[in-house]
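Report on one structure; see the data block that follows.
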Amino acid sequence: MSVANTEMIMKNIQNIFGWLYELREEVAVFLDSQQKADLHDKFQSESFLLSLAYLLNIFKALNAINLKLQGKNINIIMHHDTIRAFMAKLDLWKCRIQDGNTASFSNLDSALFHSYLDSEKTKKTNNHSTD
């Protein structure tokens, strides 16, 4: 797979999660209008919305590091530094999540701030990110 294909795939995944997250209310209305009650209920569930917000943030971070690693005039030392910096960021996120701080995950933090997600669901994300 070429670098351009990888970049396109990562960006498309991020875009899909972004669009789905931004249009979540419209998607729920559509599923309801199509009489897809099982999908509608799952889509409206707090755990799904929490997972969607979390995944959007994760794919944004992965896309950013992917782009950095594919830049022009990049050498192995720069790759090493970029990867080490990302690993340090992961450790920081892990510590913050364990302390209940979701500020590093803007979509997740916003969802929790707007109170449409339960703090119990945050614990599941905490467990995922610390495993």
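Letters for chains follow the order of the structure tokens (A, B, ...), residue numbers begin at 1 for each chain, and ligand numbers begin at 1 in the order shown.
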Determine, for each residue of region 40-97 of chain A having at least one atom at most 9 Å from an atom of region 29-35 of chain A, the closest pair of atoms and their separation in Å to one decimal, counting only C-alpha atoms; order by chain and ascending number, as CSV.
residue,atom,partner,partner_atom,distance
A:His40,CA,A:Leu31,CA,5.4
A:Asp41,CA,A:Asp32,CA,8.9
A:Phe43,CA,A:Leu31,CA,8.8
Residue neighbourhood Phe86 (chain A), 9 Å, only C-alpha atoms, exclusion window fewer than 4 positions, as a PyMOL selection string:
chain A and resi 61+65+81-82+90-91
Output N, CA, C and O atoms of each residue in that selection to a file, as a compact mmCIF listing (two decimals), in the first residue's frame.
# COMPACT_ATOMS: atom_id res chain seq x y z
N ALA A 61 -5.64 11.94 16.42
CA ALA A 61 -4.25 11.83 16.88
C ALA A 61 -3.44 10.91 15.96
O ALA A 61 -2.30 11.22 15.61
N ILE A 65 -0.11 11.96 13.61
CA ILE A 65 1.21 11.32 13.62
C ILE A 65 1.52 10.68 12.27
O ILE A 65 2.67 10.73 11.81
N ASP A 81 12.12 10.53 16.94
CA ASP A 81 11.68 11.60 17.83
C ASP A 81 10.16 11.76 17.82
O ASP A 81 9.54 11.95 18.87
N THR A 82 9.58 11.67 16.64
CA THR A 82 8.12 11.80 16.52
C THR A 82 7.41 10.67 17.25
O THR A 82 6.44 10.90 17.97
N LEU A 90 0.91 9.52 24.86
CA LEU A 90 0.03 8.43 25.29
C LEU A 90 0.12 8.20 26.79
O LEU A 90 -0.89 7.99 27.46
N ASP A 91 1.34 8.23 27.33
CA ASP A 91 1.52 8.08 28.78
C ASP A 91 0.84 9.22 29.53
O ASP A 91 0.21 8.99 30.57
Would you please give, as number ranges by chain, all residues of chain A that DSSP assigns to alpha helix (DSSP H) based on the backbone?
A: 3-22, 24-33, 37-44, 46-69, 76-98, 106-113, 119-130
Saved selection, atoms kept: C-alpha atoms, as a CSV table (one decimal), in the first residue's frame:
chain,number,residue,atom,x,y,z
A,3,VAL,CA,2.0,6.3,1.4
A,4,ALA,CA,-0.8,8.3,-0.4
A,5,ASN,CA,-3.2,5.4,0.0
A,6,THR,CA,-2.5,5.2,3.8
A,7,GLU,CA,-2.8,8.9,4.2
A,8,MET,CA,-6.1,8.9,2.3
A,9,ILE,CA,-7.5,6.0,4.3
A,10,MET,CA,-6.5,7.5,7.7
A,11,LYS,CA,-8.1,10.9,6.7
A,12,ASN,CA,-11.2,9.2,5.4
A,13,ILE,CA,-11.7,7.2,8.7
A,14,GLN,CA,-11.3,10.4,10.7
A,15,ASN,CA,-13.7,12.2,8.4
A,16,ILE,CA,-16.3,9.4,8.7
A,17,PHE,CA,-16.1,9.4,12.5
A,18,GLY,CA,-16.3,13.2,12.4
A,19,TRP,CA,-19.3,13.4,10.2
A,20,LEU,CA,-21.1,10.7,12.1
A,21,TYR,CA,-20.4,12.5,15.4
A,22,GLU,CA,-21.5,15.9,14.1
A,24,ARG,CA,-25.5,12.0,15.3
A,25,GLU,CA,-28.9,13.7,15.9
A,26,GLU,CA,-29.8,13.6,12.2
A,27,VAL,CA,-28.7,10.0,11.9
A,28,ALA,CA,-30.9,9.1,14.9
A,29,VAL,CA,-33.9,10.7,13.3
A,30,PHE,CA,-33.1,8.9,10.0
A,31,LEU,CA,-32.9,5.6,11.7
A,32,ASP,CA,-36.1,6.2,13.5
A,33,SER,CA,-37.9,7.2,10.2
A,37,ALA,CA,-35.5,0.7,16.2
A,38,ASP,CA,-32.7,-1.6,17.2
A,39,LEU,CA,-30.1,0.5,15.4
A,40,HIS,CA,-31.7,3.7,16.6
A,41,ASP,CA,-31.6,2.5,20.2
A,42,LYS,CA,-28.0,1.4,19.9
A,43,PHE,CA,-27.0,4.6,18.2
A,44,GLN,CA,-28.6,6.7,20.9
A,46,GLU,CA,-24.6,6.6,26.0
A,47,SER,CA,-21.9,4.0,25.5
A,48,PHE,CA,-22.1,4.3,21.7
A,49,LEU,CA,-21.9,8.1,21.8
A,50,LEU,CA,-19.0,7.9,24.3
A,51,SER,CA,-17.2,5.4,22.1
A,52,LEU,CA,-17.8,7.6,19.0
A,53,ALA,CA,-16.4,10.7,20.7
A,54,TYR,CA,-13.4,8.8,22.0
A,55,LEU,CA,-12.7,7.2,18.6
A,56,LEU,CA,-12.9,10.5,16.8
A,57,ASN,CA,-10.2,11.9,19.1
A,58,ILE,CA,-8.0,8.8,18.7
A,59,PHE,CA,-8.2,8.9,14.9
A,60,LYS,CA,-7.4,12.6,14.9
A,61,ALA,CA,-4.2,11.8,16.9
A,62,LEU,CA,-3.3,8.9,14.7
A,63,ASN,CA,-3.9,10.9,11.5
A,64,ALA,CA,-1.7,13.7,12.9
A,65,ILE,CA,1.2,11.3,13.6
A,66,ASN,CA,0.7,9.6,10.3
A,67,LEU,CA,1.1,12.9,8.5
A,68,LYS,CA,4.2,13.8,10.5
A,69,LEU,CA,5.8,10.5,9.6
A,76,ILE,CA,15.0,8.0,10.8
A,77,ILE,CA,16.1,10.3,13.6
A,78,MET,CA,13.0,12.5,13.1
A,79,HIS,CA,10.8,9.4,12.9
A,80,HIS,CA,12.3,8.2,16.2
A,81,ASP,CA,11.7,11.6,17.8
A,82,THR,CA,8.1,11.8,16.5
A,83,ILE,CA,7.3,8.3,17.7
A,84,ARG,CA,8.9,8.9,21.1
A,85,ALA,CA,6.9,12.2,21.5
A,86,PHE,CA,3.7,10.4,20.6
A,87,MET,CA,4.4,7.6,23.1
A,88,ALA,CA,5.1,10.2,25.8
A,89,LYS,CA,1.7,11.8,24.9
A,90,LEU,CA,0.0,8.4,25.3
A,91,ASP,CA,1.5,8.1,28.8
A,92,LEU,CA,0.3,11.6,29.6
A,93,TRP,CA,-3.2,10.8,28.4
A,94,LYS,CA,-3.2,7.6,30.4
A,95,CYS,CA,-2.3,9.5,33.6
A,96,ARG,CA,-4.9,12.2,32.9
A,97,ILE,CA,-7.7,9.6,32.2
A,98,GLN,CA,-6.8,7.7,35.4
A,106,SER,CA,-11.8,17.3,23.1
A,107,ASN,CA,-14.9,15.5,21.7
A,108,LEU,CA,-15.2,13.2,24.7
A,109,ASP,CA,-14.7,16.1,27.1
A,110,SER,CA,-17.3,18.2,25.3
A,111,ALA,CA,-19.8,15.3,25.4
A,112,LEU,CA,-19.3,14.9,29.1
A,113,PHE,CA,-19.5,18.7,29.7
A,119,SER,CA,-19.8,9.6,34.2
A,120,GLU,CA,-20.0,5.8,34.7
A,121,LYS,CA,-19.4,5.4,31.0
A,122,THR,CA,-16.3,7.5,31.3
A,123,LYS,CA,-14.9,4.8,33.6
A,124,LYS,CA,-15.2,2.3,30.7
A,125,THR,CA,-13.1,4.6,28.5
A,126,ASN,CA,-10.6,5.0,31.4
A,127,ASN,CA,-10.3,1.2,31.5
A,128,HIS,CA,-9.8,1.0,27.7
A,129,SER,CA,-7.1,3.7,27.6
A,130,THR,CA,-5.2,2.3,30.5
